[in-house]
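Chemist: So here's entry_17.txt, just compact mmCIF, C-alpha atoms and all ligand atoms:
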```
# COMPACT_ATOMS: atom_id res chain seq x y z
CA MET A 1 21.15 -8.39 -20.83
CA THR A 2 19.38 -9.48 -23.99
CA VAL A 3 16.47 -7.36 -25.02
CA THR A 4 13.70 -9.29 -26.74
CA PRO A 5 11.83 -7.20 -29.28
CA ALA A 6 8.14 -6.78 -28.53
CA THR A 7 6.08 -9.22 -30.58
CA PRO A 8 3.27 -7.65 -32.61
CA GLY A 9 0.00 -8.31 -30.83
CA THR A 10 1.56 -8.03 -27.40
CA LEU A 11 2.66 -4.48 -28.11
CA GLY A 12 3.15 -2.57 -24.90
CA VAL A 13 3.16 -5.72 -22.84
CA ALA A 14 6.56 -6.48 -21.42
CA SER A 15 7.53 -9.52 -23.42
CA ASP A 16 10.41 -10.39 -21.12
CA VAL A 17 8.12 -10.38 -18.11
CA ASP A 18 6.00 -13.51 -18.33
CA ALA A 19 3.61 -12.97 -15.43
CA LEU A 20 2.19 -10.35 -13.11
CA LEU A 21 1.86 -11.11 -9.41
CA LEU A 22 -0.63 -9.04 -7.43
CA VAL A 23 0.64 -8.91 -3.85
CA SER A 24 -1.58 -7.82 -0.99
CA PHE A 25 -2.32 -7.99 2.72
CA GLY A 26 -5.13 -10.56 2.77
CA GLY A 27 -8.23 -10.54 4.93
CA PRO A 28 -10.59 -13.03 6.60
CA GLU A 29 -13.51 -14.38 4.54
CA GLY A 30 -15.74 -15.72 7.32
CA PRO A 31 -16.14 -15.69 11.12
CA ASP A 32 -13.87 -18.73 11.60
CA ASP A 33 -11.06 -17.01 9.74
CA VAL A 34 -10.93 -13.93 11.98
CA LEU A 35 -8.72 -15.13 14.85
CA PRO A 36 -6.29 -17.19 12.73
CA PHE A 37 -5.98 -14.18 10.40
CA LEU A 38 -5.25 -11.83 13.30
CA ARG A 39 -2.69 -14.29 14.65
CA ASN A 40 -0.98 -14.26 11.25
CA VAL A 41 -0.92 -10.46 11.10
CA THR A 42 0.50 -10.03 14.57
CA ALA A 43 2.85 -13.04 14.73
CA GLY A 44 6.04 -11.91 16.46
CA ARG A 45 4.60 -8.41 17.04
CA ASP A 46 3.97 -6.43 20.13
CA VAL A 47 0.16 -6.28 19.86
CA PRO A 48 -1.75 -6.88 23.10
CA GLN A 49 -4.48 -9.54 23.26
CA SER A 50 -7.02 -6.87 24.29
CA ARG A 51 -6.41 -5.03 21.00
CA LEU A 52 -6.90 -8.27 19.04
CA GLU A 53 -10.27 -8.82 20.73
CA VAL A 54 -11.40 -5.31 19.79
CA VAL A 55 -10.34 -5.84 16.17
CA ALA A 56 -11.94 -9.31 16.04
CA GLU A 57 -15.21 -7.73 17.16
CA GLN A 58 -14.98 -5.17 14.33
CA TYR A 59 -14.57 -7.94 11.78
CA ARG A 60 -17.53 -9.80 13.28
CA MET A 61 -19.68 -6.68 12.82
CA PHE A 62 -19.02 -7.22 9.12
CA GLY A 63 -19.92 -10.92 9.27
CA GLY A 64 -16.28 -11.90 9.80
CA ARG A 65 -15.54 -11.04 6.20
CA SER A 66 -13.17 -8.32 5.07
CA PRO A 67 -14.02 -6.67 1.74
CA LEU A 68 -10.32 -6.74 0.85
CA ASN A 69 -10.02 -10.11 -0.89
CA ASP A 70 -12.99 -9.46 -3.16
CA GLN A 71 -11.51 -6.08 -4.02
CA ASN A 72 -8.26 -7.79 -4.97
CA ARG A 73 -10.15 -10.36 -7.06
CA ALA A 74 -11.74 -7.45 -8.92
CA LEU A 75 -8.36 -5.77 -9.37
CA ALA A 76 -6.82 -9.01 -10.70
CA GLU A 77 -9.70 -9.30 -13.21
CA ALA A 78 -9.21 -5.70 -14.33
CA LEU A 79 -5.47 -6.33 -14.73
CA ARG A 80 -6.17 -9.43 -16.86
CA ALA A 81 -8.25 -7.27 -19.19
CA GLU A 82 -5.54 -4.58 -19.23
CA LEU A 83 -2.68 -7.00 -19.92
CA PRO A 84 -4.00 -9.63 -22.31
CA GLY A 85 -1.57 -12.48 -22.75
CA LEU A 86 0.13 -11.88 -19.42
CA PRO A 87 -0.96 -14.37 -16.73
CA VAL A 88 -2.03 -12.54 -13.57
CA TYR A 89 -1.48 -14.28 -10.23
CA TRP A 90 -2.51 -13.12 -6.76
CA GLY A 91 -1.01 -13.87 -3.36
CA ASN A 92 -1.28 -12.40 0.16
CA ARG A 93 0.87 -11.96 3.23
CA ASN A 94 -1.72 -12.91 5.82
CA TRP A 95 -4.47 -15.02 4.26
CA ALA A 96 -5.19 -17.44 1.43
CA PRO A 97 -4.19 -17.39 -1.32
CA TYR A 98 -0.86 -17.17 0.49
CA LEU A 99 2.16 -15.84 -1.41
CA THR A 100 4.05 -19.07 -0.69
CA ASP A 101 1.39 -21.12 -2.49
CA THR A 102 0.99 -18.69 -5.36
CA VAL A 103 4.74 -18.47 -6.01
CA ALA A 104 4.93 -22.30 -5.97
CA GLU A 105 2.06 -22.40 -8.49
CA MET A 106 3.89 -19.89 -10.68
CA ALA A 107 7.13 -21.88 -10.53
CA ALA A 108 5.24 -25.08 -11.41
CA ALA A 109 3.66 -23.29 -14.38
CA GLY A 110 7.14 -22.36 -15.63
CA VAL A 111 7.03 -18.62 -14.90
CA ARG A 112 10.55 -17.22 -15.30
CA ARG A 113 10.28 -13.53 -14.54
CA ALA A 114 7.29 -11.91 -12.84
CA ALA A 115 6.54 -8.28 -12.12
CA CYS A 116 5.09 -7.91 -8.62
CA PHE A 117 2.53 -5.20 -7.95
CA VAL A 118 2.09 -4.59 -4.22
CA THR A 119 -1.10 -2.79 -3.18
CA SER A 120 0.75 -0.40 -0.87
CA ALA A 121 1.68 2.98 -2.30
CA PHE A 122 4.02 4.42 0.33
CA SER A 123 7.38 3.64 1.95
CA SER A 124 7.27 1.74 5.23
CA TYR A 125 8.46 -1.56 6.59
CA SER A 126 4.87 -2.93 6.65
CA GLY A 127 3.99 -1.56 3.21
CA CYS A 128 7.19 -2.17 1.26
CA ARG A 129 10.15 -3.97 2.75
CA GLN A 130 8.09 -6.62 4.56
CA TYR A 131 6.49 -7.54 1.22
CA ARG A 132 9.94 -8.01 -0.29
CA GLU A 133 10.78 -10.27 2.64
CA ASN A 134 7.52 -12.18 2.08
CA LEU A 135 8.43 -12.69 -1.59
CA ALA A 136 11.93 -13.83 -0.66
CA ALA A 137 10.46 -16.26 1.88
CA ALA A 138 8.08 -17.63 -0.76
CA LEU A 139 11.06 -18.27 -3.06
CA ALA A 140 13.05 -19.85 -0.25
CA ALA A 141 10.13 -22.22 0.46
CA LEU A 142 10.01 -23.58 -3.12
CA PRO A 143 10.62 -27.31 -3.48
CA PRO A 144 14.17 -27.80 -4.79
CA ALA A 145 12.86 -29.44 -7.98
CA LEU A 146 11.22 -26.20 -9.11
CA ALA A 147 13.23 -23.41 -10.76
CA ALA A 148 12.69 -20.15 -8.87
CA PRO A 149 11.17 -17.38 -10.96
CA GLU A 150 12.76 -13.95 -10.78
CA LEU A 151 10.43 -11.63 -8.89
CA ILE A 152 10.67 -7.93 -9.64
CA LYS A 153 8.77 -5.64 -7.31
CA LEU A 154 7.36 -2.67 -9.20
CA ARG A 155 8.29 0.75 -7.85
CA LEU A 156 6.20 2.60 -5.29
CA PHE A 157 3.42 4.53 -7.00
CA PHE A 158 2.26 7.06 -4.38
CA ASP A 159 2.80 10.04 -6.67
CA HIS A 160 1.98 8.42 -10.02
CA PRO A 161 -0.74 10.25 -12.00
CA GLY A 162 -2.65 6.96 -12.28
CA PHE A 163 -3.10 7.06 -8.51
CA VAL A 164 -3.27 10.84 -7.99
CA GLU A 165 -5.79 11.74 -10.72
CA PRO A 166 -8.52 9.32 -9.59
CA MET A 167 -8.02 10.60 -6.02
CA VAL A 168 -8.57 14.18 -7.22
CA ASP A 169 -11.90 13.11 -8.77
CA ARG A 170 -12.91 11.31 -5.59
CA CYS A 171 -12.18 14.38 -3.48
CA VAL A 172 -14.22 16.58 -5.83
CA ALA A 173 -17.12 14.11 -5.68
CA ALA A 174 -16.97 13.95 -1.87
CA LEU A 175 -16.94 17.76 -1.59
CA ALA A 176 -20.18 17.82 -3.59
CA GLU A 177 -21.76 15.49 -1.01
CA LEU A 178 -21.27 18.02 1.80
CA PRO A 179 -24.06 20.47 2.63
CA GLU A 180 -23.78 23.33 0.17
CA LYS A 181 -22.77 25.94 2.73
CA ALA A 182 -19.88 23.71 3.93
CA GLN A 183 -18.41 22.99 0.51
CA ALA A 184 -16.29 26.06 -0.20
CA ASP A 185 -14.46 26.09 3.14
CA ALA A 186 -14.23 22.36 3.80
CA HIS A 187 -10.93 20.87 4.96
CA LEU A 188 -9.35 17.99 3.07
CA LEU A 189 -8.34 15.58 5.82
CA PHE A 190 -6.00 13.02 4.27
CA THR A 191 -5.58 9.80 6.24
CA ALA A 192 -3.26 6.82 6.25
CA HIS A 193 -2.55 3.81 8.45
CA SER A 194 -0.74 4.93 11.57
CA LEU A 195 2.70 3.45 12.27
CA PRO A 196 4.84 3.14 15.38
CA LEU A 197 7.04 6.25 15.35
CA SER A 198 10.13 4.06 15.17
CA GLN A 199 8.82 2.54 11.91
CA ALA A 200 7.84 5.95 10.52
CA TRP A 201 11.31 7.32 11.28
CA ALA A 202 12.99 4.36 9.61
CA SER A 203 10.88 4.65 6.45
CA GLY A 204 12.60 5.30 3.12
CA PRO A 205 16.33 5.54 2.51
CA HIS A 206 16.82 8.71 4.59
CA GLY A 207 14.11 8.18 7.19
CA ASP A 208 10.72 9.81 7.69
CA ALA A 209 9.68 9.09 4.09
CA TYR A 210 6.16 7.86 4.98
CA PRO A 211 4.74 11.09 6.45
CA ARG A 212 6.64 13.22 3.95
CA GLN A 213 5.38 11.29 0.93
CA LEU A 214 1.84 11.48 2.31
CA ARG A 215 2.09 15.23 2.82
CA ALA A 216 3.59 15.80 -0.63
CA VAL A 217 0.91 13.78 -2.43
CA ALA A 218 -1.85 15.40 -0.35
CA GLY A 219 -0.60 18.78 -1.61
CA VAL A 220 -0.62 17.60 -5.22
CA ILE A 221 -4.15 16.23 -4.87
CA ALA A 222 -5.35 19.46 -3.24
CA ALA A 223 -3.85 21.42 -6.15
CA GLY A 224 -5.72 19.12 -8.54
CA VAL A 225 -8.95 19.75 -6.65
CA GLU A 226 -8.33 23.49 -6.85
CA ARG A 227 -8.01 23.23 -10.64
CA VAL A 228 -11.52 21.75 -10.74
CA THR A 229 -13.32 23.73 -8.04
CA GLY A 230 -11.32 26.96 -8.03
CA VAL A 231 -10.94 26.63 -4.26
CA ARG A 232 -7.73 25.93 -2.36
CA HIS A 233 -8.98 23.82 0.53
CA PRO A 234 -6.93 23.57 3.71
CA VAL A 235 -4.94 20.31 3.77
CA GLU A 236 -4.65 18.18 6.90
CA LEU A 237 -2.91 14.85 7.49
CA ALA A 238 -4.13 12.39 10.13
CA TYR A 239 -3.79 8.69 10.86
CA CYS A 240 -6.15 5.79 11.53
CA SER A 241 -6.02 2.22 12.83
CA ARG A 242 -3.45 2.69 15.56
CA SER A 243 -2.44 -0.62 17.11
CA GLY A 244 0.18 -1.83 19.59
CA PRO A 245 0.49 -1.20 23.34
CA PRO A 246 -0.55 2.29 24.54
CA ALA A 247 2.95 3.10 25.80
CA VAL A 248 4.44 2.83 22.31
CA PRO A 249 4.14 6.12 20.39
CA TRP A 250 2.48 5.99 16.95
CA LEU A 251 1.97 8.61 14.25
CA GLU A 252 -0.60 11.23 15.25
CA PRO A 253 -3.05 12.92 15.16
CA ASP A 254 -5.76 10.28 15.04
CA VAL A 255 -8.34 11.11 12.39
CA GLY A 256 -11.25 11.11 14.87
CA ASP A 257 -9.41 13.39 17.31
CA ARG A 258 -8.50 15.74 14.49
CA LEU A 259 -12.11 15.98 13.28
CA VAL A 260 -13.21 16.94 16.79
CA GLU A 261 -10.41 19.54 17.04
CA LEU A 262 -11.31 21.00 13.65
CA ALA A 263 -14.94 21.35 14.71
CA GLY A 264 -13.80 23.09 17.91
CA ALA A 265 -11.71 25.48 15.84
CA GLY A 266 -14.76 26.47 13.78
CA ALA A 267 -14.36 24.26 10.69
CA VAL A 268 -17.57 24.06 8.63
CA GLY A 269 -16.98 20.62 7.13
CA ALA A 270 -14.37 18.08 6.09
CA VAL A 271 -13.70 15.50 3.45
CA VAL A 272 -11.90 12.46 4.85
CA VAL A 273 -9.57 11.12 2.14
CA PRO A 274 -8.20 7.57 2.59
CA LEU A 275 -4.90 8.34 0.88
CA GLY A 276 -3.01 5.41 2.38
CA PHE A 277 -5.30 2.72 0.97
CA VAL A 278 -6.20 1.70 -2.57
CA SER A 279 -9.53 0.00 -1.80
CA ASP A 280 -12.41 0.33 0.67
CA HIS A 281 -11.34 -2.48 2.98
CA MET A 282 -11.89 -2.75 6.75
CA GLU A 283 -9.58 0.07 7.75
CA VAL A 284 -11.76 2.33 5.60
CA ALA A 285 -15.15 0.70 6.12
CA TYR A 286 -14.78 0.57 9.90
CA ASP A 287 -12.07 2.94 11.10
CA LEU A 288 -13.19 5.81 8.87
CA ASP A 289 -16.84 5.15 8.03
CA VAL A 290 -17.86 4.02 11.52
CA LEU A 291 -15.35 5.28 14.11
CA ALA A 292 -14.26 8.60 12.61
CA ALA A 293 -17.77 9.34 11.29
CA GLN A 294 -19.14 8.87 14.83
CA ARG A 295 -16.63 11.33 16.25
CA ALA A 296 -17.61 13.95 13.67
CA ALA A 297 -21.32 13.36 14.24
CA GLN A 298 -20.86 13.86 17.99
CA VAL A 299 -19.58 17.38 17.39
CA GLY A 300 -21.97 18.10 14.52
CA LEU A 301 -19.23 18.41 11.89
CA PRO A 302 -20.45 17.56 8.37
CA VAL A 303 -18.06 15.04 6.79
CA ALA A 304 -17.97 13.14 3.53
CA ARG A 305 -15.56 10.32 2.82
CA ALA A 306 -13.72 10.29 -0.49
CA GLY A 307 -13.53 7.00 -2.35
CA THR A 308 -10.39 4.95 -2.93
CA VAL A 309 -8.97 4.20 -6.40
CA GLY A 310 -10.24 0.60 -6.47
CA THR A 311 -10.31 -0.50 -10.11
CA ASP A 312 -10.33 2.95 -11.69
CA PRO A 313 -9.15 2.50 -15.31
CA ARG A 314 -6.35 5.03 -14.78
CA PHE A 315 -5.06 3.05 -11.80
CA VAL A 316 -5.23 -0.22 -13.71
CA ALA A 317 -3.42 1.41 -16.64
CA MET A 318 -0.76 2.64 -14.20
CA VAL A 319 0.11 -0.95 -13.32
CA ARG A 320 0.54 -1.66 -17.02
CA GLU A 321 2.78 1.39 -17.28
CA LEU A 322 4.92 0.21 -14.34
CA VAL A 323 5.30 -3.18 -16.00
CA GLU A 324 6.39 -1.43 -19.19
CA GLU A 325 9.03 0.48 -17.21
CA ILE A 326 10.68 -2.88 -16.44
CA ARG A 327 10.69 -3.83 -20.08
CA HIS A 328 11.77 -0.42 -21.40
CA PRO A 329 14.12 1.32 -18.95
CA ASP A 330 14.15 4.45 -21.11
CA LEU A 331 10.41 5.09 -20.80
CA PRO A 332 9.58 8.28 -18.93
CA ARG A 333 8.72 7.40 -15.33
CA ARG A 334 5.78 9.54 -14.40
CA ALA A 335 5.74 11.05 -10.91
CA LEU A 336 4.19 14.21 -9.49
CA THR A 337 6.24 14.98 -6.37
CA GLU A 338 9.90 15.72 -5.70
CA PHE A 339 10.09 12.27 -4.01
CA GLY A 340 9.47 10.42 -7.21
CA PRO A 341 9.78 8.61 -9.44
CA TRP A 342 10.64 6.15 -6.69
CA PRO A 343 13.65 4.02 -7.67
CA GLN A 344 12.98 0.62 -9.14
CA ARG A 345 15.25 -0.86 -6.52
CA CYS A 346 15.09 0.24 -2.90
CA ALA A 347 18.39 0.89 -1.13
CA ALA A 348 19.66 -1.90 1.11
CA HIS A 349 18.87 0.08 4.26
CA CYS A 350 15.48 1.40 3.05
CA CYS A 351 12.63 0.87 5.58
CA LEU A 352 14.67 -1.33 7.90
CA PRO A 353 12.38 -2.89 10.46
CA PRO A 354 12.67 -1.51 13.97
CA ARG A 355 14.13 -3.73 16.68
CA ARG A 356 16.36 -5.75 14.39
CA SER A 357 19.17 -7.74 15.82
CA PRO A 358 22.59 -6.07 15.35
CA GLY A 359 23.57 -9.07 13.24
CA ALA A 360 20.77 -8.48 10.77
CA ILE A 361 21.66 -4.80 10.43
CA GLN A 362 25.30 -5.71 9.81
CA ASP A 363 24.13 -8.23 7.23
CA ALA A 364 22.13 -5.56 5.47
CA ALA A 365 25.03 -3.13 5.52
CA LYS A 366 27.37 -5.75 4.06
CA GLY A 367 24.90 -6.91 1.47
CA GLY A 368 24.26 -10.12 3.36
CA ARG A 369 21.28 -12.45 3.35
CA HIS A 370 18.62 -9.85 4.24
CA ALA A 371 19.95 -7.27 1.83
CA ASP A 372 20.07 -9.85 -0.94
CA ALA A 373 16.41 -10.57 -0.43
CA ALA A 374 15.60 -6.88 -0.62
CA ILE A 375 17.73 -6.26 -3.67
CA LEU A 376 16.53 -9.28 -5.57
CA MET A 377 12.98 -8.11 -5.17
CA GLY A 378 13.47 -4.42 -5.70
CA ASN A 379 16.05 -4.57 -8.43
CA ASP A 380 15.91 -3.25 -11.90
CA ALA A 381 16.99 -6.27 -13.87
CA THR A 382 17.40 -4.21 -17.01
CA SER A 383 20.08 -1.97 -15.56
CA THR A 384 23.62 -3.07 -14.98
CA GLY A 385 26.64 -1.67 -13.21
CA ARG A 386 24.70 -0.93 -10.03
CA ARG A 387 25.76 -3.98 -8.09
CA GLY A 388 28.90 -2.27 -6.86
CA GLU A 389 26.77 0.18 -4.89
CA ARG A 390 26.09 -2.33 -2.23
CA ARG A 391 29.59 -3.61 -1.86
C1 LIG B 1 1.45 0.54 6.81
C2 LIG B 1 0.30 -0.41 6.93
C3 LIG B 1 -0.64 -0.71 5.99
C4 LIG B 1 -0.77 -0.05 4.63
C5 LIG B 1 -0.02 -0.82 3.63
C6 LIG B 1 -0.74 -2.03 3.15
O1 LIG B 1 -1.84 -1.90 2.61
O2 LIG B 1 -0.19 -3.13 3.32
C7 LIG B 1 -1.53 -1.68 6.53
C8 LIG B 1 -2.60 -2.26 5.85
C9 LIG B 1 -3.57 -3.11 6.38
N1 LIG B 1 -3.67 -3.50 7.68
C10 LIG B 1 -4.74 -4.35 7.78
C11 LIG B 1 -5.19 -4.99 8.95
C12 LIG B 1 -4.46 -5.02 10.13
N2 LIG B 1 -3.28 -4.37 10.41
C13 LIG B 1 -2.86 -4.67 11.69
C14 LIG B 1 -1.72 -4.21 12.33
C15 LIG B 1 -0.78 -3.32 11.81
N3 LIG B 1 -0.79 -2.72 10.56
C16 LIG B 1 0.33 -1.95 10.41
C17 LIG B 1 0.68 -1.20 9.29
C18 LIG B 1 -0.01 -1.20 8.09
N4 LIG B 1 -1.12 -1.96 7.81
C19 LIG B 1 1.10 -2.06 11.61
C20 LIG B 1 2.43 -1.39 11.85
C21 LIG B 1 0.41 -2.91 12.49
C22 LIG B 1 0.82 -3.34 13.88
C23 LIG B 1 1.28 -4.75 13.87
C24 LIG B 1 2.43 -4.95 12.92
O3 LIG B 1 3.52 -4.37 13.17
O4 LIG B 1 2.25 -5.66 11.91
C25 LIG B 1 -3.82 -5.58 12.25
C26 LIG B 1 -3.70 -6.22 13.63
C27 LIG B 1 -4.72 -5.76 14.56
C28 LIG B 1 -4.63 -4.27 14.82
O5 LIG B 1 -5.25 -3.49 14.09
O6 LIG B 1 -3.93 -3.94 15.76
C29 LIG B 1 -4.81 -5.78 11.28
C30 LIG B 1 -6.06 -6.63 11.40
C31 LIG B 1 -5.33 -4.52 6.48
C32 LIG B 1 -6.52 -5.45 6.15
C33 LIG B 1 -7.82 -4.74 6.23
C34 LIG B 1 -8.95 -5.68 5.95
O7 LIG B 1 -8.99 -6.79 6.51
O8 LIG B 1 -9.80 -5.32 5.14
C35 LIG B 1 -4.60 -3.75 5.61
C36 LIG B 1 -4.80 -3.61 4.12
FE FE B 2 -2.41 -2.83 9.22
```
Rewrite the coordinates I just gave you, this time as structure tokens.
Ligand SMILES: CC1=C(CCC(=O)O)c2cc3nc(cc4[nH]c(cc5[nH]c(cc1n2)c(C)c5CCC(=O)O)c(CCC(=O)O)c4C)C(CCC(=O)O)=C3C
Ligand SMILES: [Fe+2]
Modeler:
Amino acid sequence: MTVTPATPGTLGVASDVDALLLVSFGGPEGPDDVLPFLRNVTAGRDVPQSRLEVVAEQYRMFGGRSPLNDQNRALAEALRAELPGLPVYWGNRNWAPYLTDTVAEMAAAGVRRAACFVTSAFSSYSGCRQYRENLAAALAALPPALAAPELIKLRLFFDHPGFVEPMVDRCVAALAELPEKAQADAHLLFTAHSLPLSQAWASGPHGDAYPRQLRAVAGVIAAGVERVTGVRHPVELAYCSRSGPPAVPWLEPDVGDRLVELAGAGAVGAVVVPLGFVSDHMEVAYDLDVLAAQRAAQVGLPVARAGTVGTDPRFVAMVRELVEEIRHPDLPRRALTEFGPWPQRCAAHCCLPPRRSPGAIQDAAKGGRHADAAILMGNDATSTGRRGERR
């Protein structure tokens, strides 16, 4: 491919990427949005009505408004400041601004090649592949008169220093909030969104990537905490926000159950670390700060909740660095675990959704329609000679 030299003044900004698209989950912004939002999230999924009513009630406790969209507005603003000259767009899977509308707006504005930053750090169908499918669907929905931009999904960032270092600071700060006598021996209880076991097993190119990545990063963060405090805190991994019918197994233990168990086993305190989320949205504000906190209070276990990265300057700079990786394939790709740096392009069979029709799996194996969508979105447009891999 042709490599355009960086123009002075836009130094460090990928000159052959002409937009950044912030891609996220979306959340309701008022009471009337709650049910339509939940219907969007669970369309075609095995989530019982009773579960939806429980979740709707949680959103109503917060005035029907999730903090998530405002957090993404703040992140988009921070990215505009970090990447002057690069238009920053924002689109969601489940609520306005919908990806379909944003991608149409980008095409109408003449965007040719956009880097897509998805606010999910880890490998899973819900957090990675489904977003690639959403992007492909947004392209497929473009009016024929509009030229489709190339959409390049940035690599997963779960072990990037720009994510890990702010999390170390947040753990250290949370430890200091615990009663003094609980600080030295406190557990670090890392948490992430639970997944159906079938989805967890199918995550990543070799399976089981989601829990393994979480555990690996948790260890790196704990080591970072030790460098600051001089204490190696015990590391635990637990899950929140289980959904689906009770008969379907999901990743365990639940964070609330684990806090109760830890108290029973004589733990003096715990820091709950929302490792699986990059901002304090509902899964944090309700599932951790209300539900899990109640469980700990019932057994008298002191807990503090670590913050999320939000718009930490190091996290914002990380996005810039990931964009630069697209522009300059020879740049060092920073990563702190043996799982990274995650490839720019996910393998065709990476994070396959559970319960796919045999036809769709065959398609993926042959490099058919589904695989094309995945590869288009995850590809490294600056590298060549890799196409044969999927033949
Ligand atoms: C891996 C993962 C992430 C992390 C990656 C990422 O960040 O994308 C994530 C994020 C989020 N999940 C969120 C909300 C919900 N997730 C649900 C349901 C589900 N999530 C799942 C997985 C994930 N979810 C799964 C396997 C289901 C079962 C149904 C299905 O297979 O799709 C439901 C339905 C009701 C219920 O809870 O059962 C809701 C309301 C919000 C918004 C919070 C806010 O509004 O502030 C966010 C950021
Ligand atoms: Fe979710």
Chemist: Select, from A:Pro48, A:Pro211, A:Pro179, A:Pro354, the residue with the minimum atom-to-atom distance to A:Pro246, counting only C-alpha atoms.
Modeler: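 Under the stated criterion, the closest residue is A:Pro48.
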Chemist: Using all atoms listed in the file, find the one residue out of A:Pro329, A:Pro196, A:Pro353, A:Pro149 that sits nearest to A:Val47.
Modeler: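 Among the listed residues, the smallest separation from A:Val47 belongs to A:Pro196.
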Chemist: Rank nothing, just name the residue among A:Ile221, A:Leu139, A:Met282, A:Leu146 nearest to ligand LIG 1 (chain B), using only C-alpha atoms and all ligand atoms.
Modeler: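 Result for the nearest residue to ligand LIG 1 (chain B): A:Met282.
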Chemist: Using all atoms listed in the file, which residues sit within 12 Å of A:Met167 once same-chain residues fewer than 5 positions away are excluded, as a VMD selection string?
Modeler: chain A and resid 158 to 162 172 to 174 188 190 217 to 225 272 to 279 305 to 310 312 314 to 315
Chemist: For ligand FE 2 (chain B), return the neighbouring residues as a PyMOL selection string (distance at most 10 Å; all atoms listed in the file).
Modeler: chain A and resi 25+41-42+126-127+193-195+240-243+282-283
Chemist: For a test of reading the model, state the distance in Å between atom CA of A:Ala292 and atom CA of A:Pro313, rounded to one decimal.
Modeler: 29.0 Å
